[in-house]
$ cat query-v6.cif   # mmCIF, C-alpha atoms
data_upload
loop_
_atom_site.label_atom_id
_atom_site.label_comp_id
_atom_site.auth_asym_id
_atom_site.auth_seq_id
_atom_site.Cartn_x
_atom_site.Cartn_y
_atom_site.Cartn_z
CA MET A 2 7.40 -20.71 -9.07
CA HIS A 3 9.08 -20.14 -5.72
CA ASP A 4 9.70 -17.09 -3.57
CA ASN A 5 12.63 -16.07 -5.75
CA GLN A 6 12.60 -12.80 -7.63
CA LEU A 7 11.80 -12.83 -11.35
CA THR A 8 12.26 -10.40 -14.21
CA LEU A 9 9.96 -9.95 -17.19
CA ASP A 10 12.01 -12.35 -19.34
CA GLN A 11 11.92 -15.05 -16.64
CA ILE A 12 8.11 -15.23 -16.46
CA LYS A 13 7.12 -18.62 -17.91
CA PRO A 14 3.83 -20.55 -18.23
CA LEU A 15 2.99 -22.37 -15.00
CA ALA A 16 2.73 -26.14 -14.83
CA ASP A 17 -0.76 -27.66 -15.04
CA GLY A 18 -2.70 -27.12 -11.83
CA ARG A 19 -0.38 -24.39 -10.57
CA VAL A 20 -1.78 -20.98 -9.70
CA GLY A 21 0.57 -18.02 -9.63
CA LEU A 22 0.33 -14.84 -7.58
CA ALA A 23 2.96 -12.10 -7.48
CA VAL A 24 3.86 -8.56 -6.50
CA LEU A 25 5.23 -6.24 -9.20
CA GLY A 26 7.44 -3.28 -8.42
CA PHE A 27 10.71 -1.45 -9.01
CA PRO A 28 12.67 -1.94 -6.86
CA ILE A 29 11.13 -5.10 -5.39
CA ASN A 30 13.95 -6.88 -3.51
CA HIS A 31 12.82 -5.29 -0.20
CA SER A 32 9.32 -6.79 -0.42
CA LEU A 33 8.22 -9.20 2.29
CA SER A 34 4.94 -9.98 0.53
CA PRO A 35 5.91 -13.54 -0.60
CA HIS A 36 6.64 -14.56 3.01
CA LEU A 37 3.27 -13.49 4.37
CA HIS A 38 1.17 -14.63 1.40
CA ASN A 39 2.80 -18.07 1.20
CA ALA A 40 2.37 -18.52 4.97
CA ALA A 41 -1.34 -17.74 4.64
CA LEU A 42 -1.65 -20.04 1.61
CA ALA A 43 -0.05 -22.87 3.61
CA GLN A 44 -2.65 -22.30 6.32
CA LEU A 45 -5.45 -22.36 3.72
CA ALA A 46 -4.00 -25.59 2.26
CA CYS A 47 -4.49 -27.30 5.62
CA HIS A 48 -8.24 -26.99 5.05
CA ASP A 49 -8.41 -27.19 1.26
CA GLU A 50 -5.78 -29.12 -0.73
CA LYS A 51 -6.21 -27.04 -3.89
CA PHE A 52 -4.25 -24.22 -2.26
CA LYS A 53 -1.13 -26.44 -2.13
CA ASN A 54 -0.66 -25.50 -5.78
CA TRP A 55 -0.91 -21.74 -5.16
CA LYS A 56 2.42 -19.88 -4.88
CA TYR A 57 3.26 -16.19 -4.53
CA GLY A 58 6.45 -14.57 -5.83
CA LYS A 59 7.79 -11.18 -6.86
CA VAL A 60 8.69 -9.62 -10.18
CA GLU A 61 11.04 -6.67 -10.60
CA LEU A 62 9.51 -4.63 -13.36
CA ALA A 63 10.29 -1.16 -14.70
CA ALA A 64 7.30 1.09 -15.36
CA SER A 65 7.98 0.95 -19.11
CA ASP A 66 7.49 -2.85 -19.09
CA LEU A 67 4.14 -2.95 -17.31
CA GLY A 68 2.16 -2.99 -20.57
CA LYS A 69 4.07 -6.10 -21.72
CA ALA A 70 4.02 -7.87 -18.36
CA LEU A 71 0.29 -7.83 -17.61
CA PRO A 72 -0.89 -9.81 -20.66
CA LYS A 73 2.08 -12.15 -20.31
CA LEU A 74 1.26 -12.91 -16.66
CA TRP A 75 -2.41 -13.38 -17.58
CA ASP A 76 -1.47 -15.84 -20.34
CA CYS A 77 1.01 -17.71 -18.12
CA GLY A 78 -1.57 -18.65 -15.49
CA TYR A 79 -1.28 -15.96 -12.84
CA LYS A 80 -4.59 -15.30 -11.10
CA GLY A 81 -3.71 -12.38 -8.85
CA LEU A 82 -1.18 -9.57 -8.68
CA ASN A 83 -0.17 -6.89 -6.23
CA LEU A 84 1.33 -3.62 -7.41
CA THR A 85 3.73 -1.36 -5.57
CA ILE A 86 5.86 1.66 -6.54
CA PRO A 87 5.82 2.79 -9.37
CA HIS A 88 2.84 0.92 -10.86
CA LYS A 89 -0.24 1.85 -8.81
CA VAL A 90 -1.37 4.76 -10.98
CA GLU A 91 0.31 3.88 -14.28
CA VAL A 92 -1.63 0.59 -14.46
CA LEU A 93 -5.07 2.22 -14.72
CA PRO A 94 -5.29 2.50 -18.55
CA LEU A 95 -4.22 -1.16 -18.88
CA LEU A 96 -7.16 -2.65 -16.95
CA SER A 97 -10.40 -4.11 -18.29
CA SER A 98 -12.37 -2.94 -15.23
CA ILE A 99 -11.88 -1.22 -11.87
CA ASP A 100 -13.69 -1.15 -8.51
CA PRO A 101 -15.53 2.09 -7.65
CA ASP A 102 -13.42 2.60 -4.50
CA ALA A 103 -10.20 2.17 -6.46
CA GLU A 104 -11.46 4.65 -9.04
CA ILE A 105 -12.01 7.24 -6.30
CA MET A 106 -8.56 6.54 -4.90
CA GLY A 107 -7.08 6.93 -8.37
CA ALA A 108 -4.75 4.01 -7.75
CA VAL A 109 -4.80 0.23 -7.80
CA ASN A 110 -2.69 -2.18 -5.74
CA THR A 111 -4.47 -5.48 -6.43
CA LEU A 112 -5.38 -7.14 -9.73
CA VAL A 113 -7.85 -10.01 -10.02
CA TRP A 114 -7.90 -12.29 -13.07
CA LYS A 115 -11.11 -12.13 -15.09
CA GLU A 116 -11.93 -13.77 -18.42
CA ASP A 117 -11.77 -10.42 -20.21
CA GLY A 118 -8.58 -9.18 -18.53
CA TRP A 119 -7.33 -7.76 -15.24
CA HIS A 120 -9.78 -6.20 -12.77
CA GLY A 121 -8.31 -3.50 -10.50
CA CYS A 122 -8.98 -3.11 -6.78
CA ASN A 123 -7.39 -1.15 -3.96
CA THR A 124 -6.86 -2.77 -0.57
CA ASP A 125 -4.39 -0.12 0.65
CA GLY A 126 -7.09 2.03 2.22
CA TYR A 127 -8.53 -0.91 4.12
CA GLY A 128 -5.04 -1.99 5.19
CA LEU A 129 -4.11 1.50 6.35
CA GLU A 130 -7.21 1.92 8.50
CA ALA A 131 -6.80 -1.53 10.05
CA GLY A 132 -3.07 -0.92 10.57
CA LEU A 133 -3.60 2.44 12.27
CA ARG A 134 -6.18 0.90 14.58
CA GLU A 135 -3.98 -2.08 15.45
CA SER A 136 -0.61 -0.32 15.80
CA LEU A 137 -1.52 3.11 17.17
CA SER A 138 -5.14 2.76 18.43
CA VAL A 139 -6.18 5.39 15.88
CA GLU A 140 -9.78 5.69 14.71
CA LEU A 141 -10.09 7.74 11.54
CA GLU A 142 -13.53 9.10 12.34
CA ASN A 143 -13.08 12.72 13.58
CA ALA A 144 -9.26 12.39 13.36
CA GLN A 145 -7.03 15.12 11.95
CA VAL A 146 -4.50 13.67 9.55
CA LEU A 147 -1.36 14.90 7.78
CA ILE A 148 -0.42 12.81 4.74
CA LEU A 149 3.03 13.16 3.22
CA GLY A 150 3.15 12.54 -0.53
CA ALA A 151 0.90 12.89 -3.57
CA GLY A 152 1.37 9.57 -5.35
CA GLY A 153 -0.95 6.58 -5.52
CA ALA A 154 -0.40 5.54 -1.90
CA ALA A 155 -1.05 9.07 -0.61
CA ARG A 156 -4.23 9.48 -2.64
CA ALA A 157 -5.52 6.10 -1.45
CA ALA A 158 -4.75 7.07 2.15
CA ALA A 159 -6.48 10.42 1.78
CA ALA A 160 -9.56 8.87 0.18
CA GLN A 161 -9.82 6.29 2.97
CA CYS A 162 -9.51 8.98 5.65
CA LEU A 163 -12.22 11.10 4.01
CA LYS A 164 -14.46 8.08 3.41
CA SER A 165 -14.11 7.15 7.10
CA ARG A 166 -15.27 10.64 8.14
CA CYS A 167 -12.02 12.15 9.38
CA LYS A 168 -12.36 15.74 10.59
CA LYS A 169 -9.67 17.20 8.33
CA ILE A 170 -6.70 16.15 6.22
CA TRP A 171 -3.61 18.06 5.17
CA LEU A 172 -1.73 16.85 2.10
CA ALA A 173 1.94 17.81 1.80
CA ASN A 174 4.27 17.17 -1.14
CA ARG A 175 7.42 18.57 -2.69
CA SER A 176 5.81 19.07 -6.12
CA ILE A 177 2.91 21.52 -6.01
CA GLY A 178 1.67 20.41 -9.45
CA ARG A 179 0.98 16.81 -8.48
CA LEU A 180 -0.40 17.95 -5.12
CA THR A 181 -2.93 20.20 -6.86
CA GLU A 182 -4.05 17.31 -9.07
CA VAL A 183 -4.70 15.05 -6.07
CA VAL A 184 -6.59 17.73 -4.14
CA HIS A 185 -8.75 18.45 -7.19
CA ALA A 186 -9.54 14.76 -7.71
CA LEU A 187 -10.46 14.19 -4.06
CA SER A 188 -12.55 17.37 -3.91
CA LYS A 189 -14.76 16.13 -6.76
CA THR A 190 -15.85 13.18 -4.61
CA PHE A 191 -15.61 14.49 -1.04
CA GLY A 192 -15.84 18.28 -1.41
CA SER A 193 -13.03 20.64 -0.42
CA LYS A 194 -14.00 21.70 3.13
CA ARG A 195 -11.96 18.98 4.87
CA ILE A 196 -8.91 19.14 2.57
CA GLN A 197 -5.95 21.51 2.77
CA SER A 198 -2.55 21.24 1.13
CA PHE A 199 0.92 22.75 1.34
CA GLN A 200 4.44 22.18 0.04
CA LEU A 201 6.64 20.13 2.33
CA ASP A 202 9.01 23.02 3.00
CA SER A 203 6.17 25.41 3.99
CA LEU A 204 4.54 23.81 7.04
CA PRO A 205 1.63 25.96 8.33
CA SER A 206 2.18 26.72 12.02
CA GLU A 207 -1.31 25.56 13.01
CA VAL A 208 -0.60 22.03 11.77
CA GLY A 209 2.32 21.55 14.17
CA ASN A 210 0.15 22.65 17.11
CA ILE A 211 -2.63 20.10 16.60
CA LYS A 212 -2.87 17.68 19.49
CA GLY A 213 -3.27 14.06 18.48
CA LEU A 214 -2.46 14.76 14.84
CA VAL A 215 -1.96 11.56 12.82
CA ILE A 216 1.07 11.84 10.50
CA ILE A 217 1.27 9.31 7.67
CA ASN A 218 4.30 8.97 5.40
CA ALA A 219 3.07 7.84 1.99
CA THR A 220 6.29 8.77 0.16
CA SER A 221 9.13 6.40 -0.72
CA LEU A 222 11.59 8.49 1.33
CA GLY A 223 13.04 6.04 3.81
CA LEU A 224 13.38 2.97 1.59
CA LYS A 225 17.07 3.78 1.18
CA ARG A 226 19.39 4.45 4.11
CA GLU A 227 20.68 7.62 2.43
CA ASP A 228 17.17 9.11 1.93
CA LEU A 229 16.35 12.40 3.58
CA CYS A 230 13.55 12.51 6.16
CA PRO A 231 10.29 13.55 4.40
CA ILE A 232 9.51 16.09 7.16
CA GLU A 233 11.14 17.38 10.35
CA LEU A 234 9.08 16.62 13.47
CA ASP A 235 10.74 19.23 15.71
CA GLY A 236 7.80 21.64 15.56
CA PHE A 237 5.05 19.10 16.16
CA ASP A 238 3.16 18.50 19.39
CA PRO A 239 4.46 15.34 21.16
CA SER A 240 0.92 13.93 21.21
CA CYS A 241 1.20 13.30 17.45
CA LYS A 242 1.00 9.73 16.21
CA VAL A 243 3.39 8.86 13.38
CA TYR A 244 2.79 6.05 10.90
CA ASP A 245 5.31 5.28 8.16
CA MET A 246 3.95 3.09 5.35
CA ILE A 247 7.49 1.84 4.81
CA TYR A 248 8.13 -1.42 6.67
CA ASN A 249 11.57 -2.40 5.37
CA PRO A 250 13.73 -0.96 6.86
CA ALA A 251 11.68 -1.30 10.05
CA VAL A 252 12.97 1.99 11.46
CA THR A 253 13.19 4.95 9.07
CA LYS A 254 14.61 8.39 9.81
CA LEU A 255 11.05 9.63 10.31
CA LEU A 256 10.41 6.98 12.97
CA GLU A 257 13.75 7.74 14.61
CA GLN A 258 12.63 11.35 14.94
CA ALA A 259 9.26 10.27 16.33
CA LYS A 260 10.96 8.09 18.94
CA TYR A 261 13.30 10.95 19.91
CA GLY A 262 10.27 13.23 20.29
CA LYS A 263 8.48 10.62 22.43
CA MET A 264 5.66 10.33 19.89
CA SER A 265 3.66 7.14 19.38
CA HIS A 266 4.90 5.61 16.14
CA ALA A 267 4.76 2.50 13.97
CA ASN A 268 6.03 1.27 10.62
CA GLY A 269 3.84 -0.03 7.81
CA LEU A 270 4.00 -3.75 8.57
CA SER A 271 0.46 -3.83 9.96
CA MET A 272 -0.83 -2.06 6.85
CA LEU A 273 1.07 -4.52 4.65
CA VAL A 274 -0.44 -7.50 6.44
CA HIS A 275 -4.02 -6.25 6.46
CA GLN A 276 -4.03 -5.08 2.83
CA ALA A 277 -2.45 -8.41 1.86
CA ALA A 278 -5.08 -10.39 3.76
CA ARG A 279 -7.81 -8.46 1.96
CA ALA A 280 -6.15 -9.10 -1.43
CA LEU A 281 -5.82 -12.81 -0.72
CA ASP A 282 -9.50 -12.85 0.26
CA LEU A 283 -10.33 -11.49 -3.20
CA TRP A 284 -8.20 -14.10 -4.98
CA THR A 285 -9.09 -17.20 -2.97
CA GLN A 286 -12.57 -16.44 -1.64
CA GLY A 287 -11.21 -18.14 1.49
CA SER A 288 -10.92 -17.15 5.12
CA VAL A 289 -7.38 -15.73 5.33
CA SER A 290 -5.44 -15.91 8.61
CA VAL A 291 -3.86 -12.57 9.53
CA SER A 292 -1.88 -14.25 12.32
CA SER A 293 -0.32 -16.71 9.84
CA MET A 294 0.82 -13.74 7.73
CA TYR A 295 2.54 -12.17 10.75
CA SER A 296 4.16 -15.52 11.50
CA GLY A 297 5.43 -15.75 7.92
CA VAL A 298 7.05 -12.31 8.10
CA ARG A 299 8.65 -12.94 11.49
CA ALA A 300 10.01 -16.30 10.35
#
$ encode --input "query-v6.cif" --output "structure tokens"
Amino acid sequence: MHDNQLTLDQIKPLADGRVGLAVLGFPINHSLSPHLHNAALAQLACHDEKFKNWKYGKVELAASDLGKALPKLWDCGYKGLNLTIPHKVEVLPLLSSIDPDAEIMGAVNTLVWKEDGWHGCNTDGYGLEAGLRESLSVELENAQVLILGAGGAARAAAAQCLKSRCKKIWLANRSIGRLTEVVHALSKTFGSKRIQSFQLDSLPSEVGNIKGLVIINATSLGLKREDLCPIELDGFDPSCKVYDMIYNPAVTKLLEQAKYGKMSHANGLSMLVHQAARALDLWTQGSVSVSSMYSGVRA
């Protein structure tokens, strides 16, 4: 298996001694994950030859095919998987076990091979916190955070913020139904005092006036050039810090607005790298080089 993109029908048993890793998503052609994982695996192979046989690829997979793909990948010799849109929540009923943190987040982005099936973990929260610290010098403790979206990535982000003792979070989404579900789920674990929500087109005035507010885009709006901006930043204080989980394209319409408003801003590459390093830790039990992952992406 190489870095090329596969479909469900193209997944074949791996040659003896080969270990497969992959990211599953739809669409998946934008993913840079193979570049950073294979760069880190090459670094690991310098110290342990067994990792020369480990390769990471990507599989474009519609949500309706996830139930077929997981047992097939397990049978074909894959030992670890990453999940991106739209699989992070839909995968939950298909797993044999799940980490407590992932259960709280209500979403899984990393699967680890076990003898009785796939075990689900979530490294997105860890990656987000590390990415915010590295890219924007943000510490979540006592921070006030606005999270855009109500899918798996948004819920994982919100859970990480609450777990890391943020002062308050606001959740904003177009669909009030899904938003209500996420708020209810988070409130069961963390209580409701630090959580508020609103529809994206009904921004409360007090949110825009918060100094140092951390704005996180956890929607898919921005993946396509023709996408609308998830929120208009005109009414926000210029001291806001804007983090877009999207990393490809590197500059989304949201980040263009942040730059125009002279706000500190960053795309999701740092989150991608740090969540990937944590996932590779889980699969290899090795010491993964974050710098090698950055080198792989830049190359």
$ closest_residue --input "query-v6.cif" --among "A:Met294, A:Leu234, A:Leu96, A:Leu147" --to "Val109 (chain A)" --atoms "only C-alpha atoms"
A:Leu96
$ residues_around --input "query-v6.cif" --residues "Lys80 (chain A)" --least-positions-apart "4" --cutoff "8 Å" --atoms "all atoms listed in the file" --output "PyMOL selection string"
chain A and resi 20-22+75+113-114+284
$ write_last_selection --input "query-v6.cif" --atoms "C-alpha atoms" --output "PDB file, in the coordinates of the input"
ATOM      1  CA  VAL A  20      -1.780 -20.980  -9.700  1.00  0.00           C
ATOM      2  CA  GLY A  21       0.570 -18.020  -9.630  1.00  0.00           C
ATOM      3  CA  LEU A  22       0.330 -14.840  -7.580  1.00  0.00           C
ATOM      4  CA  TRP A  75      -2.410 -13.380 -17.580  1.00  0.00           C
ATOM      5  CA  VAL A 113      -7.850 -10.010 -10.020  1.00  0.00           C
ATOM      6  CA  TRP A 114      -7.900 -12.290 -13.070  1.00  0.00           C
ATOM      7  CA  TRP A 284      -8.200 -14.100  -4.980  1.00  0.00           C
TER       8      TRP A 284
END
$ residues_around --input "query-v6.cif" --residues "region 33-38 of chain A" --least-positions-apart "6" --cutoff "10 Å" --atoms "all atoms listed in the file" --output "count of residues only"
35
$ atom_distance --input "query-v6.cif" --atom1 "CA of Asn218 (chain A)" --atom2 "CA of Gly269 (chain A)"
9.3 Å
$ closest_residue --input "query-v6.cif" --among "A:His31, A:Asp282, A:Cys230, A:Leu25" --to "Pro250 (chain A)" --atoms "all atoms listed in the file"
A:His31
$ build_atoms --input "query-v6.cif" --residues "region 8-19 of chain A" --atoms "all heavy atoms" --output "PDB file, in the frame of the given file"
ATOM      1  N   THR A   8      12.327 -11.540 -13.315  1.00  0.00           N
ATOM      2  CA  THR A   8      12.260 -10.400 -14.210  1.00  0.00           C
ATOM      3  C   THR A   8      11.235 -10.713 -15.288  1.00  0.00           C
ATOM      4  O   THR A   8      10.730 -11.846 -15.370  1.00  0.00           O
ATOM      5  CB  THR A   8      13.622 -10.114 -14.858  1.00  0.00           C
ATOM      6  OG1 THR A   8      13.977 -11.242 -15.677  1.00  0.00           O
ATOM      7  CG2 THR A   8      14.708  -9.886 -13.803  1.00  0.00           C
ATOM      8  N   LEU A   9      10.947  -9.752 -16.136  1.00  0.00           N
ATOM      9  CA  LEU A   9       9.960  -9.950 -17.190  1.00  0.00           C
ATOM     10  C   LEU A   9      10.320 -11.148 -18.071  1.00  0.00           C
ATOM     11  O   LEU A   9       9.467 -11.986 -18.385  1.00  0.00           O
ATOM     12  CB  LEU A   9       9.849  -8.677 -18.042  1.00  0.00           C
ATOM     13  CG  LEU A   9       8.923  -8.733 -19.252  1.00  0.00           C
ATOM     14  CD1 LEU A   9       7.490  -9.028 -18.840  1.00  0.00           C
ATOM     15  CD2 LEU A   9       8.984  -7.415 -20.029  1.00  0.00           C
ATOM     16  N   ASP A  10      11.577 -11.265 -18.451  1.00  0.00           N
ATOM     17  CA  ASP A  10      12.010 -12.350 -19.340  1.00  0.00           C
ATOM     18  C   ASP A  10      11.920 -13.720 -18.684  1.00  0.00           C
ATOM     19  O   ASP A  10      11.858 -14.745 -19.383  1.00  0.00           O
ATOM     20  CB  ASP A  10      13.445 -12.110 -19.811  1.00  0.00           C
ATOM     21  CG  ASP A  10      13.563 -10.906 -20.736  1.00  0.00           C
ATOM     22  OD1 ASP A  10      12.537 -10.520 -21.329  1.00  0.00           O
ATOM     23  OD2 ASP A  10      14.677 -10.353 -20.846  1.00  0.00           O
ATOM     24  N   GLN A  11      11.938 -13.770 -17.357  1.00  0.00           N
ATOM     25  CA  GLN A  11      11.920 -15.050 -16.640  1.00  0.00           C
ATOM     26  C   GLN A  11      10.512 -15.563 -16.357  1.00  0.00           C
ATOM     27  O   GLN A  11      10.347 -16.669 -15.848  1.00  0.00           O
ATOM     28  CB  GLN A  11      12.685 -14.907 -15.320  1.00  0.00           C
ATOM     29  CG  GLN A  11      14.176 -14.685 -15.510  1.00  0.00           C
ATOM     30  CD  GLN A  11      14.881 -14.316 -14.221  1.00  0.00           C
ATOM     31  OE1 GLN A  11      14.304 -13.670 -13.337  1.00  0.00           O
ATOM     32  NE2 GLN A  11      16.126 -14.723 -14.090  1.00  0.00           N
ATOM     33  N   ILE A  12       9.492 -14.791 -16.676  1.00  0.00           N
ATOM     34  CA  ILE A  12       8.110 -15.230 -16.460  1.00  0.00           C
ATOM     35  C   ILE A  12       7.770 -16.297 -17.505  1.00  0.00           C
ATOM     36  O   ILE A  12       7.856 -16.060 -18.710  1.00  0.00           O
ATOM     37  CB  ILE A  12       7.121 -14.056 -16.578  1.00  0.00           C
ATOM     38  CG1 ILE A  12       7.418 -13.007 -15.515  1.00  0.00           C
ATOM     39  CG2 ILE A  12       5.682 -14.545 -16.453  1.00  0.00           C
ATOM     40  CD1 ILE A  12       6.677 -11.699 -15.733  1.00  0.00           C
ATOM     41  N   LYS A  13       7.419 -17.491 -17.029  1.00  0.00           N
ATOM     42  CA  LYS A  13       7.120 -18.620 -17.910  1.00  0.00           C
ATOM     43  C   LYS A  13       5.733 -19.175 -17.582  1.00  0.00           C
ATOM     44  O   LYS A  13       5.231 -19.015 -16.472  1.00  0.00           O
ATOM     45  CB  LYS A  13       8.155 -19.732 -17.730  1.00  0.00           C
ATOM     46  CG  LYS A  13       9.606 -19.291 -17.918  1.00  0.00           C
ATOM     47  CD  LYS A  13       9.889 -18.818 -19.332  1.00  0.00           C
ATOM     48  CE  LYS A  13      11.358 -18.405 -19.479  1.00  0.00           C
ATOM     49  NZ  LYS A  13      11.604 -17.787 -20.798  1.00  0.00           N
ATOM     50  N   PRO A  14       5.109 -19.900 -18.530  1.00  0.00           N
ATOM     51  CA  PRO A  14       3.830 -20.550 -18.230  1.00  0.00           C
ATOM     52  C   PRO A  14       3.964 -21.506 -17.051  1.00  0.00           C
ATOM     53  O   PRO A  14       4.958 -22.227 -16.927  1.00  0.00           O
ATOM     54  CB  PRO A  14       3.507 -21.305 -19.526  1.00  0.00           C
ATOM     55  CG  PRO A  14       4.246 -20.550 -20.596  1.00  0.00           C
ATOM     56  CD  PRO A  14       5.510 -20.074 -19.935  1.00  0.00           C
ATOM     57  N   LEU A  15       2.967 -21.506 -16.188  1.00  0.00           N
ATOM     58  CA  LEU A  15       2.990 -22.370 -15.000  1.00  0.00           C
ATOM     59  C   LEU A  15       2.579 -23.786 -15.376  1.00  0.00           C
ATOM     60  O   LEU A  15       1.814 -24.006 -16.323  1.00  0.00           O
ATOM     61  CB  LEU A  15       2.049 -21.808 -13.943  1.00  0.00           C
ATOM     62  CG  LEU A  15       2.393 -20.400 -13.445  1.00  0.00           C
ATOM     63  CD1 LEU A  15       1.280 -19.881 -12.545  1.00  0.00           C
ATOM     64  CD2 LEU A  15       3.714 -20.383 -12.707  1.00  0.00           C
ATOM     65  N   ALA A  16       3.095 -24.742 -14.608  1.00  0.00           N
ATOM     66  CA  ALA A  16       2.730 -26.140 -14.830  1.00  0.00           C
ATOM     67  C   ALA A  16       1.238 -26.336 -14.580  1.00  0.00           C
ATOM     68  O   ALA A  16       0.605 -25.570 -13.851  1.00  0.00           O
ATOM     69  CB  ALA A  16       3.544 -27.040 -13.896  1.00  0.00           C
ATOM     70  N   ASP A  17       0.669 -27.379 -15.199  1.00  0.00           N
ATOM     71  CA  ASP A  17      -0.760 -27.660 -15.040  1.00  0.00           C
ATOM     72  C   ASP A  17      -1.132 -27.747 -13.568  1.00  0.00           C
ATOM     73  O   ASP A  17      -0.447 -28.414 -12.779  1.00  0.00           O
ATOM     74  CB  ASP A  17      -1.113 -28.983 -15.737  1.00  0.00           C
ATOM     75  CG  ASP A  17      -1.087 -28.842 -17.255  1.00  0.00           C
ATOM     76  OD1 ASP A  17      -1.045 -27.699 -17.732  1.00  0.00           O
ATOM     77  OD2 ASP A  17      -1.085 -29.880 -17.936  1.00  0.00           O
ATOM     78  N   GLY A  18      -2.216 -27.081 -13.209  1.00  0.00           N
ATOM     79  CA  GLY A  18      -2.700 -27.120 -11.830  1.00  0.00           C
ATOM     80  C   GLY A  18      -2.104 -26.067 -10.935  1.00  0.00           C
ATOM     81  O   GLY A  18      -2.601 -25.839  -9.826  1.00  0.00           O
ATOM     82  N   ARG A  19      -1.019 -25.438 -11.373  1.00  0.00           N
ATOM     83  CA  ARG A  19      -0.380 -24.390 -10.570  1.00  0.00           C
ATOM     84  C   ARG A  19      -1.119 -23.069 -10.736  1.00  0.00           C
ATOM     85  O   ARG A  19      -1.613 -22.747 -11.819  1.00  0.00           O
ATOM     86  CB  ARG A  19       1.074 -24.202 -10.995  1.00  0.00           C
ATOM     87  CG  ARG A  19       1.970 -25.366 -10.596  1.00  0.00           C
ATOM     88  CD  ARG A  19       2.359 -25.259  -9.152  1.00  0.00           C
ATOM     89  NE  ARG A  19       3.270 -26.313  -8.730  1.00  0.00           N
ATOM     90  CZ  ARG A  19       3.783 -26.391  -7.517  1.00  0.00           C
ATOM     91  NH1 ARG A  19       3.481 -25.484  -6.620  1.00  0.00           N
ATOM     92  NH2 ARG A  19       4.591 -27.384  -7.187  1.00  0.00           N
TER      93      ARG A  19
END
